[in-house]
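What follows is my_file_24.cif (mmCIF, C-alpha atoms).
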data_coords
#
loop_
_atom_site.group_PDB
_atom_site.id
_atom_site.type_symbol
_atom_site.label_atom_id
_atom_site.label_comp_id
_atom_site.auth_asym_id
_atom_site.auth_seq_id
_atom_site.Cartn_x
_atom_site.Cartn_y
_atom_site.Cartn_z
ATOM 1 C CA MET S 1 68.322 104.749 78.720
ATOM 2 C CA SER S 2 71.073 104.491 76.142
ATOM 3 C CA SER S 3 72.878 101.332 75.214
ATOM 4 C CA ASP S 4 76.599 100.764 75.605
ATOM 5 C CA ASN S 5 77.073 101.315 71.874
ATOM 6 C CA GLU S 6 75.286 104.675 72.000
ATOM 7 C CA MET S 7 77.420 105.770 74.972
ATOM 8 C CA ASN S 8 80.630 104.794 73.176
ATOM 9 C CA LEU S 9 79.525 106.729 70.099
ATOM 10 C CA GLN S 10 78.873 109.782 72.275
ATOM 11 C CA LYS S 11 82.354 109.520 73.824
ATOM 12 C CA GLU S 12 83.953 109.186 70.397
ATOM 13 C CA ALA S 13 81.978 112.185 69.096
ATOM 14 C CA ASN S 14 83.062 114.428 71.996
ATOM 15 C CA PRO S 15 86.018 112.929 73.910
ATOM 16 C CA GLU S 16 86.755 116.253 75.670
ATOM 17 C CA ALA S 17 83.448 116.041 77.533
ATOM 18 C CA TYR S 18 84.683 112.872 79.297
ATOM 19 C CA ARG S 19 88.239 114.014 80.036
ATOM 20 C CA PHE S 20 89.161 114.907 83.627
ATOM 21 C CA ASN S 21 89.947 118.643 83.760
ATOM 22 C CA TYR S 22 91.978 118.822 87.017
ATOM 23 C CA LYS S 23 89.842 121.665 88.371
ATOM 24 C CA GLY S 24 87.987 121.727 91.638
ATOM 25 C CA MET S 25 88.356 120.400 95.144
ATOM 26 C CA HIS S 26 90.162 117.190 94.245
ATOM 27 C CA ARG S 27 93.095 115.626 96.078
ATOM 28 C CA TYR S 28 96.206 114.456 94.252
ATOM 29 C CA VAL S 29 99.320 112.519 95.089
ATOM 30 C CA ILE S 30 102.025 114.137 92.960
ATOM 31 C CA THR S 31 105.560 112.844 92.477
ATOM 32 C CA VAL S 32 108.187 114.790 90.576
ATOM 33 C CA SER S 33 111.819 113.764 90.180
ATOM 34 C CA THR S 34 114.868 115.947 89.859
ATOM 35 C CA TYR S 35 116.603 116.404 86.527
ATOM 36 C CA ARG S 36 118.573 113.242 85.736
ATOM 37 C CA SER S 37 117.612 111.947 89.201
ATOM 38 C CA ARG S 38 120.310 114.041 90.828
ATOM 39 C CA LYS S 39 120.355 114.004 94.621
ATOM 40 C CA LEU S 40 119.623 117.695 95.116
ATOM 41 C CA PHE S 41 117.462 117.625 98.243
ATOM 42 C CA THR S 42 120.112 116.809 100.822
ATOM 43 C CA GLU S 43 120.778 120.345 102.096
ATOM 44 C CA LYS S 44 118.369 122.521 104.051
ATOM 45 C CA GLY S 45 118.995 125.622 101.910
ATOM 46 C CA THR S 46 117.953 123.902 98.692
ATOM 47 C CA VAL S 47 114.879 122.320 100.241
ATOM 48 C CA MET S 48 113.823 125.642 101.801
ATOM 49 C CA LYS S 49 113.937 127.429 98.433
ATOM 50 C CA VAL S 50 111.723 124.793 96.839
ATOM 51 C CA LEU S 51 109.451 124.763 99.877
ATOM 52 C CA ASP S 52 109.055 128.555 99.591
ATOM 53 C CA ALA S 53 108.048 128.143 95.928
ATOM 54 C CA LEU S 54 105.573 125.408 96.917
ATOM 55 C CA ARG S 55 104.062 127.577 99.660
ATOM 56 C CA GLU S 56 103.709 130.595 97.361
ATOM 57 C CA SER S 57 102.270 128.601 94.443
ATOM 58 C CA SER S 58 99.806 126.696 96.602
ATOM 59 C CA TRP S 59 98.598 129.914 98.220
ATOM 60 C CA LYS S 60 98.156 131.750 94.904
ATOM 61 C CA HIS S 61 96.343 128.827 93.275
ATOM 62 C CA HIS S 62 94.200 127.876 96.279
ATOM 63 C CA PHE S 63 95.690 124.507 97.174
ATOM 64 C CA ASP S 64 96.336 122.910 100.539
ATOM 65 C CA ILE S 65 99.450 120.785 100.853
ATOM 66 C CA TYR S 66 98.445 117.948 103.159
ATOM 67 C CA ALA S 67 101.865 116.324 103.076
ATOM 68 C CA TYR S 68 105.204 116.761 101.367
ATOM 69 C CA CYS S 69 108.402 114.743 101.461
ATOM 70 C CA PHE S 70 111.661 115.733 99.794
ATOM 71 C CA LEU S 71 113.634 112.581 99.138
ATOM 72 C CA PRO S 72 117.158 113.198 97.791
ATOM 73 C CA ASP S 73 116.027 112.989 94.158
ATOM 74 C CA GLU S 74 112.267 113.592 94.219
ATOM 75 C CA LEU S 75 109.358 115.379 95.846
ATOM 76 C CA VAL S 76 106.175 113.550 96.811
ATOM 77 C CA MET S 77 103.120 115.475 98.010
ATOM 78 C CA ILE S 78 99.391 115.423 98.588
ATOM 79 C CA ALA S 79 97.714 118.555 97.242
ATOM 80 C CA ARG S 80 94.023 119.456 97.495
ATOM 81 C CA GLY S 81 92.145 122.171 95.651
ATOM 82 C CA LYS S 82 90.369 124.545 98.033
ATOM 83 C CA THR S 83 87.788 125.947 95.595
ATOM 84 C CA GLU S 84 85.871 124.806 92.540
ATOM 85 C CA TYR S 85 88.267 126.969 90.483
ATOM 86 C CA SER S 86 91.472 125.428 91.841
ATOM 87 C CA ASP S 87 93.422 124.183 88.818
ATOM 88 C CA MET S 88 96.033 121.528 89.607
ATOM 89 C CA LYS S 89 97.779 121.814 86.249
ATOM 90 C CA ALA S 90 98.161 125.609 86.609
ATOM 91 C CA PHE S 91 99.282 125.311 90.252
ATOM 92 C CA PHE S 92 101.862 122.664 89.500
ATOM 93 C CA SER S 93 103.166 124.437 86.401
ATOM 94 C CA VAL S 94 103.719 127.646 88.365
ATOM 95 C CA PHE S 95 105.361 125.751 91.225
ATOM 96 C CA ARG S 96 107.785 123.973 88.906
ATOM 97 C CA SER S 97 108.599 127.155 87.034
ATOM 98 C CA LEU S 98 109.131 129.230 90.171
ATOM 99 C CA SER S 99 111.285 126.631 91.932
ATOM 100 C CA ASN S 100 113.283 126.079 88.753
ATOM 101 C CA GLU S 101 113.930 129.835 88.397
ATOM 102 C CA MET S 102 115.234 129.917 91.966
ATOM 103 C CA LEU S 103 117.714 127.075 91.529
ATOM 104 C CA GLU S 104 118.628 126.630 87.859
ATOM 105 C CA PRO S 105 121.236 129.452 87.803
ATOM 106 C CA ALA S 106 123.162 127.851 90.671
ATOM 107 C CA LEU S 107 122.679 124.294 89.395
ATOM 108 C CA GLY S 108 123.553 124.971 85.770
ATOM 109 C CA HIS S 109 120.694 122.713 84.666
ATOM 110 C CA PRO S 110 116.932 122.432 85.228
ATOM 111 C CA LEU S 111 115.706 121.393 88.648
ATOM 112 C CA TRP S 112 112.977 118.998 87.493
ATOM 113 C CA LYS S 113 112.437 116.258 84.953
ATOM 114 C CA LYS S 114 109.822 117.202 82.368
ATOM 115 C CA LYS S 115 107.403 114.442 83.345
ATOM 116 C CA TYR S 116 105.762 113.800 86.674
ATOM 117 C CA THR S 117 103.092 111.481 87.996
ATOM 118 C CA GLU S 118 99.852 112.405 89.647
ATOM 119 C CA ARG S 119 97.028 110.314 91.005
ATOM 120 C CA VAL S 120 93.600 111.620 91.879
ATOM 121 C CA LEU S 121 92.523 110.261 95.239
ATOM 122 C CA ARG S 122 89.105 108.704 95.612
ATOM 123 C CA LYS S 123 86.685 110.208 98.104
ATOM 124 C CA LYS S 124 86.938 107.163 100.378
ATOM 125 C CA GLN S 125 90.735 107.369 100.611
ATOM 126 C CA GLU S 126 91.897 109.084 103.795
ATOM 127 C CA SER S 127 94.418 111.908 103.334
ATOM 128 C CA ARG S 128 95.904 111.203 106.768
ATOM 129 C CA GLU S 129 96.603 107.544 105.939
ATOM 130 C CA ILE S 130 98.230 108.414 102.627
ATOM 131 C CA ALA S 131 100.245 111.183 104.313
ATOM 132 C CA LEU S 132 101.529 108.675 106.871
ATOM 133 C CA GLY S 133 102.620 106.466 103.969
ATOM 134 C CA ILE S 134 104.455 109.384 102.360
ATOM 135 C CA PHE S 135 106.172 110.164 105.669
ATOM 136 C CA GLN S 136 107.442 106.568 105.780
ATOM 137 C CA LEU S 137 109.263 106.943 102.437
ATOM 138 C CA PRO S 138 112.575 108.089 104.037
ATOM 139 C CA VAL S 139 112.434 105.071 106.349
ATOM 140 C CA LYS S 140 111.835 102.737 103.395
ATOM 141 C CA ALA S 141 114.707 104.412 101.523
ATOM 142 C CA GLY S 142 117.034 103.768 104.480
ATOM 143 C CA LEU S 143 117.619 107.476 105.134
ATOM 144 C CA VAL S 144 116.395 107.356 108.769
ATOM 145 C CA SER S 145 115.123 104.712 111.167
ATOM 146 C CA ASN S 146 112.126 106.784 112.330
ATOM 147 C CA ALA S 147 110.013 109.091 110.152
ATOM 148 C CA ASN S 148 110.024 111.797 112.848
ATOM 149 C CA GLU S 149 113.803 112.108 112.430
ATOM 150 C CA TYR S 150 113.579 113.174 108.778
ATOM 151 C CA PRO S 151 113.807 116.961 108.455
ATOM 152 C CA PHE S 152 112.564 117.461 104.887
ATOM 153 C CA GLN S 153 108.893 116.584 105.205
ATOM 154 C CA GLY S 154 105.761 118.002 106.722
ATOM 155 C CA SER S 155 102.364 119.514 106.036
ATOM 156 C CA PHE S 156 100.962 123.003 105.538
ATOM 157 C CA VAL S 157 97.633 122.047 107.102
ATOM 158 C CA LEU S 158 97.940 118.916 109.285
ATOM 159 C CA ASN S 159 99.610 118.650 112.654
ATOM 160 C CA PHE S 160 100.392 115.092 113.645
ATOM 161 C CA GLN S 161 103.181 112.670 114.366
ATOM 162 C CA LYS S 162 104.669 111.089 111.260
ATOM 163 C CA THR S 163 104.659 107.609 112.728
ATOM 164 C CA THR S 164 101.648 105.332 113.040
#

What does this structure look like when you write it as structure tokens?
Amino acid sequence: MSSDNEMNLQKEANPEAYRFNYKGMHRYVITVSTYRSRKLFTEKGTVMKVLDALRESSWKHHFDIYAYCFLPDELVMIARGKTEYSDMKAFFSVFRSLSNEMLEPALGHPLWKKKYTERVLRKKQESREIALGIFQLPVKAGLVSNANEYPFQGSFVLNFQKTT
């Protein structure tokens, strides 16, 4: 058994060995905002183009989208790798690039901010509970009084009411 000092020395000698690689059957909550926080997701046509890019990218990179919610200036989703080779960074890069290519010519600027946030969900955290929380975001933002009324959210794999 190694001591704490020996373990720290091993980490310092090879920090890449301890870095999370974003590959495999992990679940993520991902939030990405629009360029300069512009309210771009208020029309069905715009949302549908981005949703098509999300569907295509998730299919090609072997990801399930458990929940998505397009707020006026951001997209929040739960994504889960379907195989041990599923690469979240590659999936998300392709999604952002594809959706940007679809909309940037009409917008005259990029669709997304450069940075985004992601959180790896722990095994004990329930996807359904987190999805229900994501579906409540439009209610919390004052966009609708009931989550089921909001048209720009859903799931590629789950079928359930968006209210608790």

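Selecting by distance to (107.8, 125.5, 94.2) with a limit of 9 Å and using all atoms listed in the file, one obtains S:Lys49, S:Val50, S:Leu51, S:Asp52, S:Ala53, S:Leu54, S:Arg55, S:Glu56, S:Ser57, S:Ser58, S:Phe92, S:Val94, S:Phe95, S:Arg96, S:Ser97, S:Leu98, S:Ser99, S:Asn100, S:Met102.
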
Nearest to Thr42 in chain S by atom-to-atom distance, counting all atoms listed in the file, from S:Phe91, S:Phe70, S:Tyr85, S:Tyr28 | S:Phe70

Specify as a ChimeraX atom specification each residue included when the PyMOL selection byres ((chain S and resi 30) around 12) is applied to this file.
-> /S:27-29,31-33,65-70,74-80,88-89,91-92,115-121,130-131,134

Of the candidates S:Leu137, S:Ala106, S:Leu40, S:Leu111, which one gets nearest to Gln153 in chain S if we count all atoms listed in the file?
-> S:Leu137

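Distances from S:Arg19, S:Leu103, S:His62, S:Pro72 to Tyr150 in chain S were compared using all atoms listed in the file, and the smallest one belongs to S:Pro72.
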
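Computed from the coordinates, the CA of Ala141 in chain S to CA of Val47 in chain S distance equals 18.0 Å.
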
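Non-sequential neighbours of Glu84 in chain S (distance at most 12 Å, separation of 5 or more positions within a chain, only C-alpha atoms) are S:Asn21, S:Tyr22, S:Lys23, S:Gly24, S:Met25, S:His26, S:His61, S:His62, S:Phe63.
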
Print the selection's residues with C-alpha atoms to a file, as a short mmCIF file (atom, residue, chain, number, x, y, z; two decimals), keeping the file's coordinate frame.
data_model
loop_
_atom_site.label_atom_id
_atom_site.label_comp_id
_atom_site.auth_asym_id
_atom_site.auth_seq_id
_atom_site.Cartn_x
_atom_site.Cartn_y
_atom_site.Cartn_z
CA ASN S 21 89.95 118.64 83.76
CA TYR S 22 91.98 118.82 87.02
CA LYS S 23 89.84 121.66 88.37
CA GLY S 24 87.99 121.73 91.64
CA MET S 25 88.36 120.40 95.14
CA HIS S 26 90.16 117.19 94.24
CA HIS S 61 96.34 128.83 93.28
CA HIS S 62 94.20 127.88 96.28
CA PHE S 63 95.69 124.51 97.17
#

Grab the CA of Pro105 in chain S to CA of Ser93 in chain S distance for me, in Å with one decimal place.
-> 18.8 Å

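Distance check against Leu132 in chain S using all atoms listed in the file: of S:Met48, S:Leu158, S:Ala90, S:Val144, the minimum falls on S:Leu158.
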
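A straight line drawn from CA of Asp64 in chain S to CA of Thr46 in chain S is 21.7 Å long.
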
Counting only C-alpha atoms, the residue among S:Thr83, S:Asn148, S:Asn159, S:Thr34 that lies closest to Phe135 in chain S is S:Asn148

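Among S:Trp112, S:Trp59, S:Phe20, S:Phe156, the residue with the shortest atom-to-atom distance to Tyr35 in chain S, counting all atoms listed in the file, is S:Trp112.
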
Mind writing range 17-33 of chain S to a file for me, with all heavy atoms, as a PDB file, in the first residue's frame?
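This went into out06.pdb:
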ATOM      1  N   ALA S  17      -2.614  10.390 -16.679  1.00  0.00           N
ATOM      2  CA  ALA S  17      -3.190   9.116 -16.261  1.00  0.00           C
ATOM      3  C   ALA S  17      -4.378   9.318 -15.314  1.00  0.00           C
ATOM      4  O   ALA S  17      -5.217   8.430 -15.186  1.00  0.00           O
ATOM      5  CB  ALA S  17      -2.132   8.254 -15.591  1.00  0.00           C
ATOM      6  N   TYR S  18      -4.487  10.463 -14.681  1.00  0.00           N
ATOM      7  CA  TYR S  18      -5.547  10.735 -13.710  1.00  0.00           C
ATOM      8  C   TYR S  18      -6.597  11.705 -14.242  1.00  0.00           C
ATOM      9  O   TYR S  18      -7.520  12.057 -13.544  1.00  0.00           O
ATOM     10  CB  TYR S  18      -4.946  11.274 -12.411  1.00  0.00           C
ATOM     11  CG  TYR S  18      -4.092  10.234 -11.736  1.00  0.00           C
ATOM     12  CD1 TYR S  18      -2.729  10.170 -11.982  1.00  0.00           C
ATOM     13  CD2 TYR S  18      -4.655   9.286 -10.895  1.00  0.00           C
ATOM     14  CE1 TYR S  18      -1.947   9.200 -11.391  1.00  0.00           C
ATOM     15  CE2 TYR S  18      -3.889   8.309 -10.304  1.00  0.00           C
ATOM     16  CZ  TYR S  18      -2.527   8.268 -10.551  1.00  0.00           C
ATOM     17  OH  TYR S  18      -1.772   7.297  -9.956  1.00  0.00           O
ATOM     18  N   ARG S  19      -6.460  12.126 -15.486  1.00  0.00           N
ATOM     19  CA  ARG S  19      -7.380  13.084 -16.081  1.00  0.00           C
ATOM     20  C   ARG S  19      -8.572  12.346 -16.695  1.00  0.00           C
ATOM     21  O   ARG S  19      -8.408  11.340 -17.360  1.00  0.00           O
ATOM     22  CB  ARG S  19      -6.640  13.879 -17.158  1.00  0.00           C
ATOM     23  CG  ARG S  19      -7.414  15.077 -17.626  1.00  0.00           C
ATOM     24  CD  ARG S  19      -6.567  15.946 -18.472  1.00  0.00           C
ATOM     25  NE  ARG S  19      -5.926  16.914 -17.588  1.00  0.00           N
ATOM     26  CZ  ARG S  19      -4.912  17.653 -17.926  1.00  0.00           C
ATOM     27  NH1 ARG S  19      -4.365  17.543 -19.097  1.00  0.00           N
ATOM     28  NH2 ARG S  19      -4.423  18.524 -17.076  1.00  0.00           N
ATOM     29  N   PHE S  20      -9.757  12.837 -16.491  1.00  0.00           N
ATOM     30  CA  PHE S  20     -10.973  12.257 -17.055  1.00  0.00           C
ATOM     31  C   PHE S  20     -10.936  12.440 -18.569  1.00  0.00           C
ATOM     32  O   PHE S  20     -10.693  13.537 -19.056  1.00  0.00           O
ATOM     33  CB  PHE S  20     -12.202  12.943 -16.447  1.00  0.00           C
ATOM     34  CG  PHE S  20     -13.492  12.297 -16.821  1.00  0.00           C
ATOM     35  CD1 PHE S  20     -13.871  11.109 -16.232  1.00  0.00           C
ATOM     36  CD2 PHE S  20     -14.319  12.872 -17.758  1.00  0.00           C
ATOM     37  CE1 PHE S  20     -15.080  10.506 -16.570  1.00  0.00           C
ATOM     38  CE2 PHE S  20     -15.511  12.285 -18.093  1.00  0.00           C
ATOM     39  CZ  PHE S  20     -15.895  11.093 -17.499  1.00  0.00           C
ATOM     40  N   ASN S  21     -11.204  11.380 -19.345  1.00  0.00           N
ATOM     41  CA  ASN S  21     -11.043  11.478 -20.795  1.00  0.00           C
ATOM     42  C   ASN S  21     -12.345  11.669 -21.578  1.00  0.00           C
ATOM     43  O   ASN S  21     -12.317  11.735 -22.800  1.00  0.00           O
ATOM     44  CB  ASN S  21     -10.277  10.265 -21.330  1.00  0.00           C
ATOM     45  CG  ASN S  21     -11.070   8.982 -21.234  1.00  0.00           C
ATOM     46  OD1 ASN S  21     -12.243   8.969 -20.878  1.00  0.00           O
ATOM     47  ND2 ASN S  21     -10.422   7.880 -21.549  1.00  0.00           N
ATOM     48  N   TYR S  22     -13.481  11.729 -20.910  1.00  0.00           N
ATOM     49  CA  TYR S  22     -14.775  11.986 -21.552  1.00  0.00           C
ATOM     50  C   TYR S  22     -15.190  10.908 -22.543  1.00  0.00           C
ATOM     51  O   TYR S  22     -15.987  11.160 -23.444  1.00  0.00           O
ATOM     52  CB  TYR S  22     -14.799  13.366 -22.223  1.00  0.00           C
ATOM     53  CG  TYR S  22     -14.677  14.476 -21.222  1.00  0.00           C
ATOM     54  CD1 TYR S  22     -13.440  15.006 -20.887  1.00  0.00           C
ATOM     55  CD2 TYR S  22     -15.798  14.972 -20.577  1.00  0.00           C
ATOM     56  CE1 TYR S  22     -13.323  16.016 -19.946  1.00  0.00           C
ATOM     57  CE2 TYR S  22     -15.698  15.986 -19.642  1.00  0.00           C
ATOM     58  CZ  TYR S  22     -14.446  16.498 -19.327  1.00  0.00           C
ATOM     59  OH  TYR S  22     -14.349  17.483 -18.399  1.00  0.00           O
ATOM     60  N   LYS S  23     -14.674   9.715 -22.403  1.00  0.00           N
ATOM     61  CA  LYS S  23     -15.040   8.608 -23.283  1.00  0.00           C
ATOM     62  C   LYS S  23     -15.737   7.530 -22.477  1.00  0.00           C
ATOM     63  O   LYS S  23     -15.394   7.277 -21.335  1.00  0.00           O
ATOM     64  CB  LYS S  23     -13.798   8.035 -23.972  1.00  0.00           C
ATOM     65  CG  LYS S  23     -13.187   9.007 -24.940  1.00  0.00           C
ATOM     66  CD  LYS S  23     -11.969   8.447 -25.614  1.00  0.00           C
ATOM     67  CE  LYS S  23     -11.420   9.528 -26.537  1.00  0.00           C
ATOM     68  NZ  LYS S  23     -10.046   9.330 -26.861  1.00  0.00           N
ATOM     69  N   GLY S  24     -16.733   6.925 -23.098  1.00  0.00           N
ATOM     70  CA  GLY S  24     -17.433   5.834 -22.448  1.00  0.00           C
ATOM     71  C   GLY S  24     -18.900   6.141 -22.230  1.00  0.00           C
ATOM     72  O   GLY S  24     -19.453   7.095 -22.766  1.00  0.00           O
ATOM     73  N   MET S  25     -19.510   5.328 -21.406  1.00  0.00           N
ATOM     74  CA  MET S  25     -20.948   5.399 -21.168  1.00  0.00           C
ATOM     75  C   MET S  25     -21.274   6.288 -19.970  1.00  0.00           C
ATOM     76  O   MET S  25     -21.981   5.874 -19.051  1.00  0.00           O
ATOM     77  CB  MET S  25     -21.493   3.983 -21.005  1.00  0.00           C
ATOM     78  CG  MET S  25     -21.293   3.146 -22.248  1.00  0.00           C
ATOM     79  SD  MET S  25     -21.723   1.417 -22.072  1.00  0.00           S
ATOM     80  CE  MET S  25     -23.471   1.512 -21.812  1.00  0.00           C
ATOM     81  N   HIS S  26     -20.780   7.496 -20.012  1.00  0.00           N
ATOM     82  CA  HIS S  26     -21.025   8.471 -18.947  1.00  0.00           C
ATOM     83  C   HIS S  26     -22.207   9.350 -19.325  1.00  0.00           C
ATOM     84  O   HIS S  26     -22.539   9.506 -20.490  1.00  0.00           O
ATOM     85  CB  HIS S  26     -19.788   9.340 -18.716  1.00  0.00           C
ATOM     86  CG  HIS S  26     -18.559   8.554 -18.410  1.00  0.00           C
ATOM     87  ND1 HIS S  26     -18.383   7.889 -17.218  1.00  0.00           N
ATOM     88  CD2 HIS S  26     -17.450   8.307 -19.146  1.00  0.00           C
ATOM     89  CE1 HIS S  26     -17.218   7.281 -17.221  1.00  0.00           C
ATOM     90  NE2 HIS S  26     -16.629   7.511 -18.392  1.00  0.00           N
ATOM     91  N   ARG S  27     -22.810   9.961 -18.315  1.00  0.00           N
ATOM     92  CA  ARG S  27     -23.898  10.914 -18.522  1.00  0.00           C
ATOM     93  C   ARG S  27     -23.397  12.301 -18.156  1.00  0.00           C
ATOM     94  O   ARG S  27     -22.662  12.460 -17.191  1.00  0.00           O
ATOM     95  CB  ARG S  27     -25.101  10.552 -17.648  1.00  0.00           C
ATOM     96  CG  ARG S  27     -25.712   9.221 -18.014  1.00  0.00           C
ATOM     97  CD  ARG S  27     -26.752   8.791 -16.997  1.00  0.00           C
ATOM     98  NE  ARG S  27     -26.137   8.704 -15.683  1.00  0.00           N
ATOM     99  CZ  ARG S  27     -26.742   9.007 -14.536  1.00  0.00           C
ATOM    100  NH1 ARG S  27     -27.979   9.418 -14.524  1.00  0.00           N
ATOM    101  NH2 ARG S  27     -26.105   8.899 -13.400  1.00  0.00           N
ATOM    102  N   TYR S  28     -23.835  13.291 -18.925  1.00  0.00           N
ATOM    103  CA  TYR S  28     -23.387  14.666 -18.733  1.00  0.00           C
ATOM    104  C   TYR S  28     -24.582  15.605 -18.762  1.00  0.00           C
ATOM    105  O   TYR S  28     -25.511  15.402 -19.548  1.00  0.00           O
ATOM    106  CB  TYR S  28     -22.457  15.103 -19.871  1.00  0.00           C
ATOM    107  CG  TYR S  28     -21.311  14.175 -20.139  1.00  0.00           C
ATOM    108  CD1 TYR S  28     -21.446  13.104 -21.019  1.00  0.00           C
ATOM    109  CD2 TYR S  28     -20.088  14.357 -19.517  1.00  0.00           C
ATOM    110  CE1 TYR S  28     -20.392  12.248 -21.271  1.00  0.00           C
ATOM    111  CE2 TYR S  28     -19.026  13.499 -19.768  1.00  0.00           C
ATOM    112  CZ  TYR S  28     -19.187  12.450 -20.641  1.00  0.00           C
ATOM    113  OH  TYR S  28     -18.136  11.602 -20.887  1.00  0.00           O
ATOM    114  N   VAL S  29     -24.532  16.622 -17.935  1.00  0.00           N
ATOM    115  CA  VAL S  29     -25.427  17.759 -18.089  1.00  0.00           C
ATOM    116  C   VAL S  29     -24.578  18.829 -18.758  1.00  0.00           C
ATOM    117  O   VAL S  29     -23.528  19.221 -18.229  1.00  0.00           O
ATOM    118  CB  VAL S  29     -25.978  18.269 -16.744  1.00  0.00           C
ATOM    119  CG1 VAL S  29     -26.785  19.546 -16.951  1.00  0.00           C
ATOM    120  CG2 VAL S  29     -26.830  17.210 -16.077  1.00  0.00           C
ATOM    121  N   ILE S  30     -25.009  19.263 -19.936  1.00  0.00           N
ATOM    122  CA  ILE S  30     -24.246  20.224 -20.735  1.00  0.00           C
ATOM    123  C   ILE S  30     -25.096  21.473 -20.921  1.00  0.00           C
ATOM    124  O   ILE S  30     -26.273  21.387 -21.275  1.00  0.00           O
ATOM    125  CB  ILE S  30     -23.877  19.633 -22.107  1.00  0.00           C
ATOM    126  CG1 ILE S  30     -23.112  18.321 -21.939  1.00  0.00           C
ATOM    127  CG2 ILE S  30     -23.066  20.639 -22.919  1.00  0.00           C
ATOM    128  CD1 ILE S  30     -22.925  17.546 -23.232  1.00  0.00           C
ATOM    129  N   THR S  31     -24.487  22.626 -20.699  1.00  0.00           N
ATOM    130  CA  THR S  31     -25.147  23.906 -20.919  1.00  0.00           C
ATOM    131  C   THR S  31     -24.264  24.746 -21.824  1.00  0.00           C
ATOM    132  O   THR S  31     -23.079  24.925 -21.543  1.00  0.00           O
ATOM    133  CB  THR S  31     -25.365  24.657 -19.583  1.00  0.00           C
ATOM    134  OG1 THR S  31     -26.121  23.827 -18.703  1.00  0.00           O
ATOM    135  CG2 THR S  31     -26.099  25.968 -19.805  1.00  0.00           C
ATOM    136  N   VAL S  32     -24.851  25.242 -22.899  1.00  0.00           N
ATOM    137  CA  VAL S  32     -24.121  26.098 -23.824  1.00  0.00           C
ATOM    138  C   VAL S  32     -24.993  27.313 -24.133  1.00  0.00           C
ATOM    139  O   VAL S  32     -26.185  27.187 -24.392  1.00  0.00           O
ATOM    140  CB  VAL S  32     -23.692  25.339 -25.109  1.00  0.00           C
ATOM    141  CG1 VAL S  32     -24.881  24.784 -25.850  1.00  0.00           C
ATOM    142  CG2 VAL S  32     -22.833  26.210 -26.000  1.00  0.00           C
ATOM    143  N   SER S  33     -24.390  28.481 -24.060  1.00  0.00           N
ATOM    144  CA  SER S  33     -25.113  29.732 -24.288  1.00  0.00           C
ATOM    145  C   SER S  33     -24.881  30.240 -25.698  1.00  0.00           C
ATOM    146  O   SER S  33     -23.853  29.960 -26.317  1.00  0.00           O
ATOM    147  CB  SER S  33     -24.662  30.798 -23.292  1.00  0.00           C
ATOM    148  OG  SER S  33     -24.971  30.404 -21.982  1.00  0.00           O
TER     149      SER S  33
END
